[in-house]
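Down below is the structure, laid out as structure tokens.
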Amino acid sequence: MEAGRPVLDDLDRKRFHRKQMTWLAIFAIVMIPLFTWLFATRESPADYTFTMIGNMLGHRVGFIIWGAATAILLGFYILRLFVLQSFRDTRARKLLLWSLVFLLLTVLIPSLEGTYLLNRLHDFSAVAFALCLVMSLYLFIRHLHERDEKVYGLSLAMLHTVIGGSLILLLLFGMTGIFQLFFFVSLSVFLAVLNGKLFKGRDREWKGD
């Protein structure tokens, strides 16, 4: 253990570095896009948003299960990256937590009796989820600049691709599930690539800590 490093942080890193946690992370990053694809393609994502598929077309329970599962798996995967990279930025962790709360609100609010206020709250929570998540990841990527400029450059480019691609699809296809599907699938690819770049040869590096 490095001098001056809090014992709790060191224990957290060891816990998240276990083989079981690695397999759980692999499961998470595979299931997020798979769950998203399976839910979105219950109907046509080119014609309906996820909310419409869930609440107008009779898949409300599936919508809530998808949102809850995605929030849990996404939160675990990103938090694991934070811990293993000794990224202790309080703002980033709070933003990550709030993004997951907003995702849950996004899938739960439409199950209530619809009013103008609830509809606007649903729209707000959906946007807030994406903004909080992106800002949390941006703070993490900025932290990586101090460690590896190549990983930083690649990560920033991929995050911009996730955001830019989603916005372009929103402009091209309008408010449909196409841009939502792209966002979650491309986000999963980005996180998987980032994980691979950060922890290539990690076992050797961990032994040297």
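Starting from 1 in every chain, residues are counted up; chains themselves are A, B, ... following the order of the structure tokens, and ligands are numbered from 1 as listed.
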
Restrict the calculation to only C-alpha atoms, then for each residue of stretch 128-199 of chain A with any atom at most 10 Å from an atom of stretch 32-50 of chain A give the closest atom pair and their distance in Å to one decimal, rows by chain and rising residue number, as JSON lines.
```
{"residue": "A:Phe173", "atom": "CA", "partner": "A:Ala46", "partner_atom": "CA", "distance": 7.4}
{"residue": "A:Gly174", "atom": "CA", "partner": "A:Ala46", "partner_atom": "CA", "distance": 9.2}
{"residue": "A:Met175", "atom": "CA", "partner": "A:Thr49", "partner_atom": "CA", "distance": 6.6}
{"residue": "A:Thr176", "atom": "CA", "partner": "A:Thr49", "partner_atom": "CA", "distance": 4.4}
{"residue": "A:Gly177", "atom": "CA", "partner": "A:Thr49", "partner_atom": "CA", "distance": 4.1}
{"residue": "A:Ile178", "atom": "CA", "partner": "A:Pro45", "partner_atom": "CA", "distance": 5.5}
{"residue": "A:Phe179", "atom": "CA", "partner": "A:Thr49", "partner_atom": "CA", "distance": 8.9}
{"residue": "A:Gln180", "atom": "CA", "partner": "A:Phe50", "partner_atom": "CA", "distance": 7.6}
{"residue": "A:Leu181", "atom": "CA", "partner": "A:Thr36", "partner_atom": "CA", "distance": 6.8}
{"residue": "A:Phe182", "atom": "CA", "partner": "A:Pro33", "partner_atom": "CA", "distance": 9.4}
{"residue": "A:Phe183", "atom": "CA", "partner": "A:Pro33", "partner_atom": "CA", "distance": 9.6}
{"residue": "A:Phe184", "atom": "CA", "partner": "A:Pro33", "partner_atom": "CA", "distance": 6.3}
{"residue": "A:Val185", "atom": "CA", "partner": "A:Pro33", "partner_atom": "CA", "distance": 4.9}
{"residue": "A:Ser186", "atom": "CA", "partner": "A:Pro33", "partner_atom": "CA", "distance": 8.4}
{"residue": "A:Leu187", "atom": "CA", "partner": "A:Pro33", "partner_atom": "CA", "distance": 8.7}
{"residue": "A:Ser188", "atom": "CA", "partner": "A:Pro33", "partner_atom": "CA", "distance": 6.5}
{"residue": "A:Val189", "atom": "CA", "partner": "A:Pro33", "partner_atom": "CA", "distance": 8.7}
```

Long-range neighbours of stretch 106-113 of chain A as an MDAnalysis selection string, 8 Å cut-off, only C-alpha atoms, 5 positions minimum in chain: chainID A and resid 51 55 60 63:64 67 118:119 121:123 125:126

Could those residues be written to a file, using all heavy atoms, as a compact mmCIF listing (two decimals), in the first residue's frame?
```
# COMPACT_ATOMS: atom_id res chain seq x y z
N THR A 51 -40.05 5.20 -24.17
CA THR A 51 -41.19 5.49 -23.31
C THR A 51 -42.50 5.08 -23.97
O THR A 51 -43.39 4.51 -23.33
CB THR A 51 -41.24 6.98 -22.96
OG1 THR A 51 -40.04 7.35 -22.27
CG2 THR A 51 -42.42 7.30 -22.06
N ASN A 55 -45.02 2.35 -22.43
CA ASN A 55 -46.27 2.79 -21.79
C ASN A 55 -47.46 2.92 -22.74
O ASN A 55 -48.59 2.89 -22.29
CB ASN A 55 -46.03 4.13 -21.09
CG ASN A 55 -45.08 3.98 -19.91
OD1 ASN A 55 -45.48 3.60 -18.82
ND2 ASN A 55 -43.80 4.26 -20.14
N ARG A 60 -44.99 -1.87 -20.17
CA ARG A 60 -44.63 -1.00 -19.04
C ARG A 60 -43.69 -1.69 -18.06
O ARG A 60 -42.69 -1.11 -17.64
CB ARG A 60 -45.89 -0.54 -18.32
CG ARG A 60 -45.63 0.35 -17.11
CD ARG A 60 -46.92 0.92 -16.58
NE ARG A 60 -47.54 1.81 -17.56
CZ ARG A 60 -48.74 2.38 -17.38
NH1 ARG A 60 -49.44 2.12 -16.28
NH2 ARG A 60 -49.23 3.19 -18.30
N PHE A 63 -40.28 -2.04 -19.47
CA PHE A 63 -39.61 -0.74 -19.49
C PHE A 63 -38.97 -0.44 -18.14
O PHE A 63 -37.81 -0.02 -18.05
CB PHE A 63 -40.62 0.34 -19.86
CG PHE A 63 -40.04 1.72 -20.02
CD1 PHE A 63 -38.87 1.93 -20.73
CD2 PHE A 63 -40.69 2.82 -19.46
CE1 PHE A 63 -38.35 3.22 -20.88
CE2 PHE A 63 -40.18 4.10 -19.61
CZ PHE A 63 -39.01 4.30 -20.32
N ILE A 64 -39.71 -0.70 -17.07
CA ILE A 64 -39.20 -0.44 -15.72
C ILE A 64 -38.05 -1.40 -15.40
O ILE A 64 -37.03 -0.98 -14.83
CB ILE A 64 -40.33 -0.57 -14.69
CG1 ILE A 64 -41.38 0.54 -14.90
CG2 ILE A 64 -39.78 -0.52 -13.27
CD1 ILE A 64 -42.60 0.41 -14.03
N GLY A 67 -34.96 -0.24 -17.27
CA GLY A 67 -34.36 0.94 -16.67
C GLY A 67 -33.63 0.64 -15.37
O GLY A 67 -32.52 1.12 -15.15
N LEU A 118 -46.25 16.03 -14.90
CA LEU A 118 -45.51 14.77 -14.89
C LEU A 118 -44.82 14.52 -16.23
O LEU A 118 -43.70 14.00 -16.27
CB LEU A 118 -46.45 13.61 -14.56
CG LEU A 118 -46.88 13.47 -13.10
CD1 LEU A 118 -47.88 12.34 -12.93
CD2 LEU A 118 -45.66 13.24 -12.19
N ASN A 119 -45.48 14.89 -17.31
CA ASN A 119 -44.86 14.72 -18.63
C ASN A 119 -43.60 15.57 -18.75
O ASN A 119 -42.58 15.12 -19.29
CB ASN A 119 -45.85 15.09 -19.73
CG ASN A 119 -46.97 14.07 -19.85
OD1 ASN A 119 -46.83 12.92 -19.44
ND2 ASN A 119 -48.10 14.50 -20.41
N LEU A 121 -41.81 16.61 -16.22
CA LEU A 121 -40.84 16.05 -15.28
C LEU A 121 -40.14 14.85 -15.90
O LEU A 121 -38.93 14.65 -15.71
CB LEU A 121 -41.54 15.66 -13.97
CG LEU A 121 -40.63 15.11 -12.86
CD1 LEU A 121 -39.57 16.14 -12.47
CD2 LEU A 121 -41.47 14.72 -11.64
N HIS A 122 -40.90 14.06 -16.64
CA HIS A 122 -40.31 12.91 -17.35
C HIS A 122 -39.28 13.38 -18.37
O HIS A 122 -38.17 12.83 -18.44
CB HIS A 122 -41.41 12.12 -18.05
CG HIS A 122 -40.90 11.15 -19.06
ND1 HIS A 122 -40.27 9.97 -18.73
CD2 HIS A 122 -40.89 11.20 -20.43
CE1 HIS A 122 -39.92 9.33 -19.82
NE2 HIS A 122 -40.27 10.05 -20.86
N ASP A 123 -39.63 14.40 -19.14
CA ASP A 123 -38.69 14.94 -20.13
C ASP A 123 -37.43 15.48 -19.45
O ASP A 123 -36.31 15.25 -19.93
CB ASP A 123 -39.36 16.06 -20.93
CG ASP A 123 -40.52 15.56 -21.78
OD1 ASP A 123 -40.57 14.35 -22.06
OD2 ASP A 123 -41.39 16.38 -22.15
N SER A 125 -36.16 14.59 -16.51
CA SER A 125 -35.35 13.51 -15.93
C SER A 125 -34.57 12.78 -17.01
O SER A 125 -33.42 12.36 -16.78
CB SER A 125 -36.23 12.54 -15.14
OG SER A 125 -37.17 11.90 -15.99
N ALA A 126 -35.15 12.63 -18.20
CA ALA A 126 -34.44 11.96 -19.29
C ALA A 126 -33.21 12.76 -19.73
O ALA A 126 -32.13 12.20 -19.92
CB ALA A 126 -35.39 11.75 -20.47
```

Can you pull out every residue within 10 Å of A:Arg88, counting only C-alpha atoms, but drop anything in the same chain fewer than 4 positions away, and send it as a PyMOL selection string? chain A and resi 9+82-83+92-93+140+143

Which polymer residues have any atom within 9 Å of an atom of A:Leu97, counting only C-alpha atoms, with same-chain residues fewer than 5 positions away left out, as a PyMOL selection string? chain A and resi 75+92+102+132-133

Selected residues, C-alpha atoms, written as a PDB file, in the first residue's frame, please.
```
ATOM      1  CA  GLY A  75     -23.527   2.363 -12.111  1.00  0.00           C
ATOM      2  CA  ALA A  92     -18.100  12.883 -10.508  1.00  0.00           C
ATOM      3  CA  PHE A 102     -32.828  10.312 -13.071  1.00  0.00           C
ATOM      4  CA  CYS A 132     -25.187  14.029 -15.423  1.00  0.00           C
ATOM      5  CA  LEU A 133     -23.743  10.830 -16.875  1.00  0.00           C
TER       6      LEU A 133
END
```

Tell me which of A:Gln20, A:Ser99, A:Gln85, A:Thr161 sits closest to A:Ser136, counting only C-alpha atoms. A:Ser99

Write out as a PyMOL selection string the residues lying within 12 Å of A:Leu79, counting only C-alpha atoms and excluding same-chain residues fewer than 6 positions away. chain A and resi 12-13+16+21+25+71-73+85-90+92-97+100+133+136-137+140+191+195

Assign secondary structure with DSSP using the backbone only, and return the residues of stretch 3-91 of chain A in helix (DSSP H, G or I) as a PyMOL selection string. chain A and resi 7-16+19-40+50-55+60-84+90-91

Which value, in Å to one decimal, gives the distance between atom CA of A:Leu156 and atom CA of A:Ile141? 6.7 Å

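Pairwise distance (atom CA of A:Val127, atom CA of A:Gly58) equals 23.8 Å.
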
Could you please determine the separation between atom CA of A:Leu74 and atom CA of A:Ala157 in Å, to one decimal place? 20.3 Å
